[in-house]
file my_file23.pdb (PDB, C-alpha atoms, pLDDT in the B column)
ATOM      1  CA  ASP X 258    -183.737  48.226 212.460  1.00 84.00           C
ATOM      2  CA  ALA X 259    -180.565  46.626 213.865  1.00 88.00           C
ATOM      3  CA  VAL X 260    -179.512  45.357 210.432  1.00 90.00           C
ATOM      4  CA  ARG X 261    -180.126  48.731 208.813  1.00 91.00           C
ATOM      5  CA  TYR X 262    -178.185  50.492 211.585  1.00 89.00           C
ATOM      6  CA  SER X 263    -175.303  48.034 211.209  1.00 91.00           C
ATOM      7  CA  ASN X 264    -175.229  48.505 207.440  1.00 89.00           C
ATOM      8  CA  GLN X 265    -175.278  52.284 207.788  1.00 92.00           C
ATOM      9  CA  SER X 266    -172.504  52.156 210.392  1.00 92.00           C
ATOM     10  CA  VAL X 267    -170.294  49.955 208.223  1.00 89.00           C
ATOM     11  CA  LEU X 268    -170.893  52.136 205.160  1.00 89.00           C
ATOM     12  CA  GLN X 269    -170.153  55.286 207.162  1.00 92.00           C
ATOM     13  CA  LEU X 270    -166.919  53.739 208.448  1.00 90.00           C
ATOM     14  CA  LEU X 271    -165.921  52.710 204.909  1.00 89.00           C
ATOM     15  CA  ASN X 272    -166.615  56.227 203.631  1.00 87.00           C
ATOM     16  CA  ASP X 273    -165.067  58.164 206.519  1.00 90.00           C
ATOM     17  CA  LYS X 274    -161.970  56.112 207.176  1.00 89.00           C
ATOM     18  CA  PHE X 275    -161.255  54.349 203.888  1.00 88.00           C
ATOM     19  CA  LYS X 276    -162.794  56.738 201.292  1.00 87.00           C
ATOM     20  CA  PHE X 277    -165.045  54.061 199.762  1.00 89.00           C
ATOM     21  CA  ASP X 278    -167.186  56.665 197.998  1.00 88.00           C
ATOM     22  CA  GLU X 279    -164.083  58.194 196.396  1.00 86.00           C
ATOM     23  CA  VAL X 280    -162.887  54.780 195.211  1.00 85.00           C
ATOM     24  CA  MET X 281    -166.318  54.151 193.710  1.00 83.00           C
ATOM     25  CA  SER X 282    -166.173  57.512 191.894  1.00 82.00           C
ATOM     26  CA  VAL X 283    -162.856  56.547 190.291  1.00 80.00           C
ATOM     27  CA  VAL X 284    -164.165  53.068 189.422  1.00 77.00           C
ATOM     28  CA  LYS X 285    -167.250  54.597 187.798  1.00 78.00           C
ATOM     29  CA  ALA X 286    -165.266  57.200 185.889  1.00 76.00           C
ATOM     30  CA  PHE X 287    -162.562  54.914 184.535  1.00 73.00           C
ATOM     31  CA  PHE X 288    -163.671  51.284 184.658  1.00 67.00           C
ATOM     32  CA  LEU X 289    -167.248  51.882 183.600  1.00 67.00           C
ATOM     33  CA  VAL X 290    -166.211  54.502 181.044  1.00 63.00           C
ATOM     34  CA  GLY X 291    -168.272  57.114 182.873  1.00 66.00           C
ATOM     35  CA  SER X 292    -166.103  60.024 181.734  1.00 64.00           C
ATOM     36  CA  GLY X 293    -166.969  60.447 178.089  1.00 63.00           C
ATOM     37  CA  ASN X 294    -164.683  63.389 177.278  1.00 74.00           C
ATOM     38  CA  PHE X 295    -161.691  61.700 178.889  1.00 80.00           C
ATOM     39  CA  PHE X 296    -162.232  58.561 176.856  1.00 83.00           C
ATOM     40  CA  GLU X 297    -162.775  60.453 173.609  1.00 85.00           C
ATOM     41  CA  VAL X 298    -159.385  62.129 174.028  1.00 87.00           C
ATOM     42  CA  LEU X 299    -157.740  58.905 175.204  1.00 89.00           C
ATOM     43  CA  ILE X 300    -159.111  56.978 172.220  1.00 89.00           C
ATOM     44  CA  GLN X 301    -157.814  59.628 169.806  1.00 92.00           C
ATOM     45  CA  ARG X 302    -154.380  59.541 171.397  1.00 95.00           C
ATOM     46  CA  LEU X 303    -154.168  55.759 171.622  1.00 95.00           C
ATOM     47  CA  ASP X 304    -155.616  54.897 168.218  1.00 95.00           C
ATOM     48  CA  PRO X 305    -152.297  55.054 166.322  1.00 96.00           C
ATOM     49  CA  ILE X 306    -150.672  52.919 169.015  1.00 97.00           C
ATOM     50  CA  LEU X 307    -153.398  50.362 169.766  1.00 95.00           C
ATOM     51  CA  SER X 308    -154.376  49.763 166.149  1.00 95.00           C
ATOM     52  CA  ARG X 309    -151.300  47.561 165.846  1.00 95.00           C
ATOM     53  CA  MET X 310    -150.988  43.967 167.010  1.00 96.00           C
ATOM     54  CA  SER X 311    -150.647  43.900 170.789  1.00 95.00           C
ATOM     55  CA  ASN X 312    -147.279  42.156 170.757  1.00 95.00           C
ATOM     56  CA  HIS X 313    -145.887  45.190 168.869  1.00 96.00           C
ATOM     57  CA  VAL X 314    -147.275  47.780 171.302  1.00 96.00           C
ATOM     58  CA  MET X 315    -144.928  49.278 173.867  1.00 96.00           C
ATOM     59  CA  LEU X 316    -146.746  49.448 177.189  1.00 96.00           C
ATOM     60  CA  SER X 317    -144.719  52.490 178.204  1.00 96.00           C
ATOM     61  CA  SER X 318    -146.188  54.447 175.262  1.00 96.00           C
ATOM     62  CA  VAL X 319    -149.711  53.488 176.302  1.00 96.00           C
ATOM     63  CA  ARG X 320    -149.014  54.455 179.925  1.00 95.00           C
ATOM     64  CA  ASP X 321    -147.572  57.805 178.831  1.00 95.00           C
ATOM     65  CA  GLN X 322    -150.729  58.592 176.852  1.00 95.00           C
ATOM     66  CA  LEU X 323    -152.962  57.521 179.763  1.00 92.00           C
ATOM     67  CA  LYS X 324    -151.080  59.716 182.256  1.00 90.00           C
ATOM     68  CA  SER X 325    -150.956  62.621 179.808  1.00 91.00           C
ATOM     69  CA  THR X 326    -154.705  62.412 179.189  1.00 89.00           C
ATOM     70  CA  LEU X 327    -155.319  62.314 182.944  1.00 85.00           C
ATOM     71  CA  LEU X 328    -153.219  65.454 183.420  1.00 82.00           C
ATOM     72  CA  ASP X 329    -155.098  67.213 180.628  1.00 84.00           C
ATOM     73  CA  SER X 330    -158.510  66.263 182.053  1.00 78.00           C
ATOM     74  CA  THR X 331    -158.593  68.688 184.956  1.00 67.00           C
ATOM     75  CA  SER X 332    -162.359  69.188 184.730  1.00 71.00           C
ATOM     76  CA  LEU X 333    -162.753  65.489 185.535  1.00 68.00           C
ATOM     77  CA  THR X 334    -159.843  64.877 187.852  1.00 72.00           C
ATOM     78  CA  LYS X 335    -160.256  67.952 190.060  1.00 75.00           C
ATOM     79  CA  HIS X 336    -163.227  66.239 191.734  1.00 76.00           C
ATOM     80  CA  LEU X 337    -161.416  62.938 192.297  1.00 77.00           C
ATOM     81  CA  ASN X 338    -158.909  61.829 194.915  1.00 76.00           C
ATOM     82  CA  THR X 339    -155.431  62.460 193.480  1.00 78.00           C
ATOM     83  CA  ASP X 340    -153.898  59.580 195.448  1.00 81.00           C
ATOM     84  CA  LEU X 341    -156.350  57.195 193.811  1.00 80.00           C
ATOM     85  CA  LEU X 342    -155.690  58.692 190.374  1.00 81.00           C
ATOM     86  CA  GLN X 343    -151.996  57.968 190.810  1.00 84.00           C
ATOM     87  CA  GLY X 344    -152.963  54.313 191.239  1.00 84.00           C
ATOM     88  CA  LEU X 345    -154.491  54.196 187.749  1.00 86.00           C
ATOM     89  CA  ASP X 346    -152.447  52.189 185.302  1.00 91.00           C
ATOM     90  CA  CYS X 347    -152.962  49.979 182.280  1.00 93.00           C
ATOM     91  CA  GLU X 348    -152.077  46.514 181.120  1.00 92.00           C
ATOM     92  CA  MET X 349    -151.638  44.915 177.733  1.00 92.00           C
ATOM     93  CA  GLU X 350    -151.954  41.257 176.919  1.00 91.00           C
ATOM     94  CA  LYS X 351    -149.118  40.477 174.513  1.00 92.00           C
ATOM     95  CA  ASP X 352    -150.674  38.243 171.876  1.00 92.00           C
ATOM     96  CA  ASP X 353    -149.886  38.125 168.173  1.00 92.00           C
ATOM     97  CA  ARG X 354    -153.569  37.373 167.471  1.00 94.00           C
ATOM     98  CA  LEU X 355    -154.985  40.472 169.219  1.00 93.00           C
ATOM     99  CA  ILE X 356    -154.886  44.088 168.165  1.00 94.00           C
ATOM    100  CA  GLY X 357    -153.916  46.500 170.912  1.00 94.00           C
ATOM    101  CA  TRP X 358    -157.480  47.631 171.536  1.00 93.00           C
ATOM    102  CA  ASP X 359    -158.517  44.065 172.368  1.00 92.00           C
ATOM    103  CA  ALA X 360    -155.586  43.624 174.740  1.00 92.00           C
ATOM    104  CA  PHE X 361    -155.765  47.010 176.529  1.00 93.00           C
ATOM    105  CA  VAL X 362    -157.320  47.491 179.949  1.00 90.00           C
ATOM    106  CA  ILE X 363    -157.122  50.208 182.612  1.00 87.00           C
ATOM    107  CA  THR X 364    -156.206  48.951 186.080  1.00 87.00           C
ATOM    108  CA  MET X 365    -156.211  50.511 189.518  1.00 85.00           C
ATOM    109  CA  ALA X 366    -154.422  49.789 192.773  1.00 84.00           C
ATOM    110  CA  ILE X 367    -157.159  49.448 195.385  1.00 84.00           C
ATOM    111  CA  PRO X 368    -156.012  50.467 198.870  1.00 83.00           C
ATOM    112  CA  PRO X 369    -156.496  48.100 201.812  1.00 86.00           C
ATOM    113  CA  PRO X 370    -158.928  47.102 203.259  1.00 88.00           C
ATOM    114  CA  LEU X 371    -161.092  47.944 200.240  1.00 86.00           C
ATOM    115  CA  ASN X 372    -159.087  45.429 198.239  1.00 87.00           C
ATOM    116  CA  ASN X 373    -161.104  42.818 200.133  1.00 87.00           C
ATOM    117  CA  ILE X 374    -164.233  44.156 198.444  1.00 84.00           C
ATOM    118  CA  PHE X 375    -162.532  44.707 195.084  1.00 82.00           C
ATOM    119  CA  ASP X 376    -160.743  41.364 195.159  1.00 85.00           C
ATOM    120  CA  THR X 377    -159.199  39.591 192.169  1.00 86.00           C
ATOM    121  CA  PRO X 378    -162.454  38.056 190.852  1.00 90.00           C
ATOM    122  CA  ALA X 379    -164.271  41.396 191.200  1.00 86.00           C
ATOM    123  CA  MET X 380    -161.492  43.249 189.383  1.00 84.00           C
ATOM    124  CA  ARG X 381    -161.559  40.614 186.631  1.00 86.00           C
ATOM    125  CA  GLN X 382    -165.261  41.360 186.151  1.00 87.00           C
ATOM    126  CA  TYR X 383    -164.557  45.111 186.098  1.00 82.00           C
ATOM    127  CA  ARG X 384    -161.921  44.515 183.425  1.00 84.00           C
ATOM    128  CA  GLN X 385    -164.444  42.608 181.332  1.00 85.00           C
ATOM    129  CA  LEU X 386    -166.968  45.411 181.798  1.00 83.00           C
ATOM    130  CA  PHE X 387    -164.307  47.963 180.879  1.00 81.00           C
ATOM    131  CA  LYS X 388    -163.509  46.152 177.644  1.00 83.00           C
ATOM    132  CA  LEU X 389    -167.208  45.946 176.774  1.00 83.00           C
ATOM    133  CA  MET X 390    -167.849  49.614 177.597  1.00 78.00           C
ATOM    134  CA  LEU X 391    -164.757  50.722 175.662  1.00 77.00           C
ATOM    135  CA  THR X 392    -165.911  48.704 172.657  1.00 78.00           C
ATOM    136  CA  VAL X 393    -169.315  50.404 172.815  1.00 74.00           C
ATOM    137  CA  LYS X 394    -167.642  53.823 173.153  1.00 62.00           C
TER     138      LYS X 394
END

call {"tool": "encode", "arguments": {"input": "my_file23.pdb", "output": "structure tokens"}}
result
Amino acid sequence: DAVRYSNQSVLQLLNDKFKFDEVMSVVKAFFLVGSGNFFEVLIQRLDPILSRMSNHVMLSSVRDQLKSTLLDSTSLTKHLNTDLLQGLDCEMEKDDRLIGWDAFVITMAIPPPLNNIFDTPAMRQYRQLFKLMLTVK
């Protein structure tokens, strides 16, 4: 009982004070490709850009399309924390052997102290999952 109470107390603190549940909603929607309509639109918009070799892709163009798609996806984003959505970004690995799609990943600034849970190794795994889920999509 003491362990269960402690776990519930910690989880309640994480949710109430640090919005852990909201962070998880954003992670699910964007890293685990949980928002199908958003990704369908994003893929359509990014296809002409990311079909080129990654070293020829301008990251600013990719970011513009990501932010534009977020703004157009009000049915999805109206239920999510806008501060967390502003932390969404993307990265591109510049490599003359990779097409843009293989080098593209969505990233997110995780607020403290939750960045101790979503540390660098955990975010690396989320990026790998994102790439896999985007490939399946």

call {"tool": "atom_distance", "arguments": {"input": "my_file23.pdb", "atom1": "atom CA of Ser318 of chain X", "atom2": "atom CA of Phe287 of chain X"}}
result
18.8 Å

call {"tool": "atom_distance", "arguments": {"input": "my_file23.pdb", "atom1": "atom CA of Val319 of chain X", "atom2": "atom CA of Ile306 of chain X"}}
result
7.4 Å

call {"tool": "closest_residue", "arguments": {"input": "my_file23.pdb", "among": "X:Ser263, X:Thr377, X:Asn272, X:Thr364", "to": "Cys347 of chain X", "atoms": "all atoms listed in the file"}}
result
X:Thr364

call {"tool": "residues_near_point", "arguments": {"input": "my_file23.pdb", "point": "(-151.7, 47.2, 192.8)", "cutoff": "10 Å", "atoms": "only C-alpha atoms", "output": "JSON, numbers by chain"}}
result
{"X": [344, 345, 346, 364, 365, 366, 367, 368, 372]}

call {"tool": "closest_residue", "arguments": {"input": "my_file23.pdb", "among": "X:Ala259, X:Leu271, X:Met380, X:Val283", "to": "Thr339 of chain X", "atoms": "only C-alpha atoms"}}
result
X:Val283

call {"tool": "decode", "arguments": {"input": "my_file23.pdb", "residues": "segment 304-335 of chain X", "atoms": "N, CA, C and O atoms", "output": "mmCIF file, in the first residue's frame"}}
result
data_model
loop_
_atom_site.group_PDB
_atom_site.id
_atom_site.type_symbol
_atom_site.label_atom_id
_atom_site.label_comp_id
_atom_site.auth_asym_id
_atom_site.auth_seq_id
_atom_site.Cartn_x
_atom_site.Cartn_y
_atom_site.Cartn_z
ATOM 1 N N ASP X 304 6.524 16.336 -49.038
ATOM 2 C CA ASP X 304 7.018 15.411 -50.059
ATOM 3 C C ASP X 304 7.892 16.082 -51.124
ATOM 4 O O ASP X 304 8.972 15.568 -51.431
ATOM 5 N N PRO X 305 7.497 17.230 -51.680
ATOM 6 C CA PRO X 305 8.372 17.846 -52.680
ATOM 7 C C PRO X 305 9.729 18.286 -52.100
ATOM 8 O O PRO X 305 10.721 18.333 -52.814
ATOM 9 N N ILE X 306 9.747 18.588 -50.828
ATOM 10 C CA ILE X 306 10.975 19.061 -50.189
ATOM 11 C C ILE X 306 11.862 17.889 -49.769
ATOM 12 O O ILE X 306 13.061 17.863 -50.046
ATOM 13 N N LEU X 307 11.267 16.906 -49.087
ATOM 14 C CA LEU X 307 12.048 15.814 -48.503
ATOM 15 C C LEU X 307 12.340 14.673 -49.469
ATOM 16 O O LEU X 307 13.025 13.724 -49.101
ATOM 17 N N SER X 308 11.872 14.773 -50.685
ATOM 18 C CA SER X 308 12.193 13.753 -51.685
ATOM 19 C C SER X 308 13.587 13.976 -52.274
ATOM 20 O O SER X 308 14.094 13.126 -52.994
ATOM 21 N N ARG X 309 14.174 15.096 -51.955
ATOM 22 C CA ARG X 309 15.534 15.399 -52.412
ATOM 23 C C ARG X 309 16.555 14.856 -51.412
ATOM 24 O O ARG X 309 16.200 14.459 -50.303
ATOM 25 N N MET X 310 17.814 14.868 -51.808
ATOM 26 C CA MET X 310 18.880 14.451 -50.901
ATOM 27 C C MET X 310 18.921 15.429 -49.725
ATOM 28 O O MET X 310 18.721 16.638 -49.899
ATOM 29 N N SER X 311 19.158 14.905 -48.539
ATOM 30 C CA SER X 311 19.047 15.722 -47.330
ATOM 31 C C SER X 311 20.012 16.902 -47.304
ATOM 32 O O SER X 311 19.705 17.932 -46.713
ATOM 33 N N ASN X 312 21.163 16.769 -47.937
ATOM 34 C CA ASN X 312 22.104 17.887 -47.923
ATOM 35 C C ASN X 312 21.650 19.031 -48.830
ATOM 36 O O ASN X 312 22.245 20.102 -48.819
ATOM 37 N N HIS X 313 20.584 18.833 -49.602
ATOM 38 C CA HIS X 313 20.026 19.879 -50.456
ATOM 39 C C HIS X 313 18.709 20.436 -49.900
ATOM 40 O O HIS X 313 18.067 21.264 -50.555
ATOM 41 N N VAL X 314 18.317 19.975 -48.732
ATOM 42 C CA VAL X 314 17.060 20.425 -48.119
ATOM 43 C C VAL X 314 17.356 21.575 -47.158
ATOM 44 O O VAL X 314 18.249 21.482 -46.316
ATOM 45 N N MET X 315 16.585 22.648 -47.316
ATOM 46 C CA MET X 315 16.728 23.774 -46.385
ATOM 47 C C MET X 315 15.836 23.511 -45.168
ATOM 48 O O MET X 315 14.619 23.362 -45.310
ATOM 49 N N LEU X 316 16.461 23.441 -44.016
ATOM 50 C CA LEU X 316 15.730 23.156 -42.781
ATOM 51 C C LEU X 316 14.652 24.196 -42.527
ATOM 52 O O LEU X 316 13.570 23.867 -42.034
ATOM 53 N N SER X 317 14.896 25.425 -42.886
ATOM 54 C CA SER X 317 13.891 26.472 -42.664
ATOM 55 C C SER X 317 12.603 26.178 -43.439
ATOM 56 O O SER X 317 11.503 26.438 -42.942
ATOM 57 N N SER X 318 12.710 25.608 -44.624
ATOM 58 C CA SER X 318 11.520 25.251 -45.408
ATOM 59 C C SER X 318 10.733 24.139 -44.726
ATOM 60 O O SER X 318 9.496 24.162 -44.695
ATOM 61 N N VAL X 319 11.447 23.187 -44.170
ATOM 62 C CA VAL X 319 10.805 22.071 -43.462
ATOM 63 C C VAL X 319 10.113 22.600 -42.214
ATOM 64 O O VAL X 319 8.962 22.253 -41.933
ATOM 65 N N ARG X 320 10.797 23.459 -41.470
ATOM 66 C CA ARG X 320 10.204 24.048 -40.256
ATOM 67 C C ARG X 320 8.954 24.855 -40.600
ATOM 68 O O ARG X 320 7.955 24.791 -39.887
ATOM 69 N N ASP X 321 9.022 25.631 -41.668
ATOM 70 C CA ASP X 321 7.855 26.428 -42.075
ATOM 71 C C ASP X 321 6.656 25.533 -42.356
ATOM 72 O O ASP X 321 5.533 25.855 -41.952
ATOM 73 N N GLN X 322 6.877 24.427 -43.034
ATOM 74 C CA GLN X 322 5.773 23.505 -43.348
ATOM 75 C C GLN X 322 5.237 22.837 -42.079
ATOM 76 O O GLN X 322 4.028 22.648 -41.934
ATOM 77 N N LEU X 323 6.136 22.484 -41.153
ATOM 78 C CA LEU X 323 5.707 21.891 -39.885
ATOM 79 C C LEU X 323 4.835 22.869 -39.105
ATOM 80 O O LEU X 323 3.734 22.522 -38.663
ATOM 81 N N LYS X 324 5.303 24.107 -38.959
ATOM 82 C CA LYS X 324 4.546 25.115 -38.201
ATOM 83 C C LYS X 324 3.223 25.443 -38.892
ATOM 84 O O LYS X 324 2.197 25.589 -38.230
ATOM 85 N N SER X 325 3.245 25.522 -40.206
ATOM 86 C CA SER X 325 2.026 25.805 -40.962
ATOM 87 C C SER X 325 1.004 24.683 -40.782
ATOM 88 O O SER X 325 -0.194 24.943 -40.593
ATOM 89 N N THR X 326 1.464 23.449 -40.834
ATOM 90 C CA THR X 326 0.558 22.308 -40.658
ATOM 91 C C THR X 326 0.001 22.290 -39.244
ATOM 92 O O THR X 326 -1.177 21.982 -39.038
ATOM 93 N N LEU X 327 0.827 22.641 -38.261
ATOM 94 C CA LEU X 327 0.329 22.733 -36.882
ATOM 95 C C LEU X 327 -0.770 23.787 -36.767
ATOM 96 O O LEU X 327 -1.801 23.549 -36.140
ATOM 97 N N LEU X 328 -0.551 24.934 -37.369
ATOM 98 C CA LEU X 328 -1.559 26.010 -37.316
ATOM 99 C C LEU X 328 -2.860 25.612 -38.001
ATOM 100 O O LEU X 328 -3.941 26.009 -37.566
ATOM 101 N N ASP X 329 -2.746 24.820 -39.057
ATOM 102 C CA ASP X 329 -3.936 24.390 -39.794
ATOM 103 C C ASP X 329 -4.662 23.219 -39.141
ATOM 104 O O ASP X 329 -5.765 22.871 -39.560
ATOM 105 N N SER X 330 -4.050 22.609 -38.141
ATOM 106 C CA SER X 330 -4.615 21.412 -37.503
ATOM 107 C C SER X 330 -5.298 21.762 -36.188
ATOM 108 O O SER X 330 -5.022 21.166 -35.155
ATOM 109 N N THR X 331 -6.226 22.680 -36.226
ATOM 110 C CA THR X 331 -6.859 23.143 -34.996
ATOM 111 C C THR X 331 -7.665 22.049 -34.296
ATOM 112 O O THR X 331 -7.766 22.047 -33.076
ATOM 113 N N SER X 332 -8.208 21.105 -35.049
ATOM 114 C CA SER X 332 -8.975 20.036 -34.400
ATOM 115 C C SER X 332 -8.071 19.181 -33.510
ATOM 116 O O SER X 332 -8.515 18.655 -32.498
ATOM 117 N N LEU X 333 -6.815 19.077 -33.869
ATOM 118 C CA LEU X 333 -5.845 18.337 -33.058
ATOM 119 C C LEU X 333 -5.265 19.222 -31.969
ATOM 120 O O LEU X 333 -5.252 18.862 -30.801
ATOM 121 N N THR X 334 -4.802 20.388 -32.348
ATOM 122 C CA THR X 334 -4.032 21.211 -31.425
ATOM 123 C C THR X 334 -4.873 21.918 -30.365
ATOM 124 O O THR X 334 -4.334 22.310 -29.340
ATOM 125 N N LYS X 335 -6.172 22.047 -30.593
ATOM 126 C CA LYS X 335 -6.997 22.748 -29.594
ATOM 127 C C LYS X 335 -7.060 21.991 -28.268
ATOM 128 O O LYS X 335 -7.342 22.584 -27.240
#
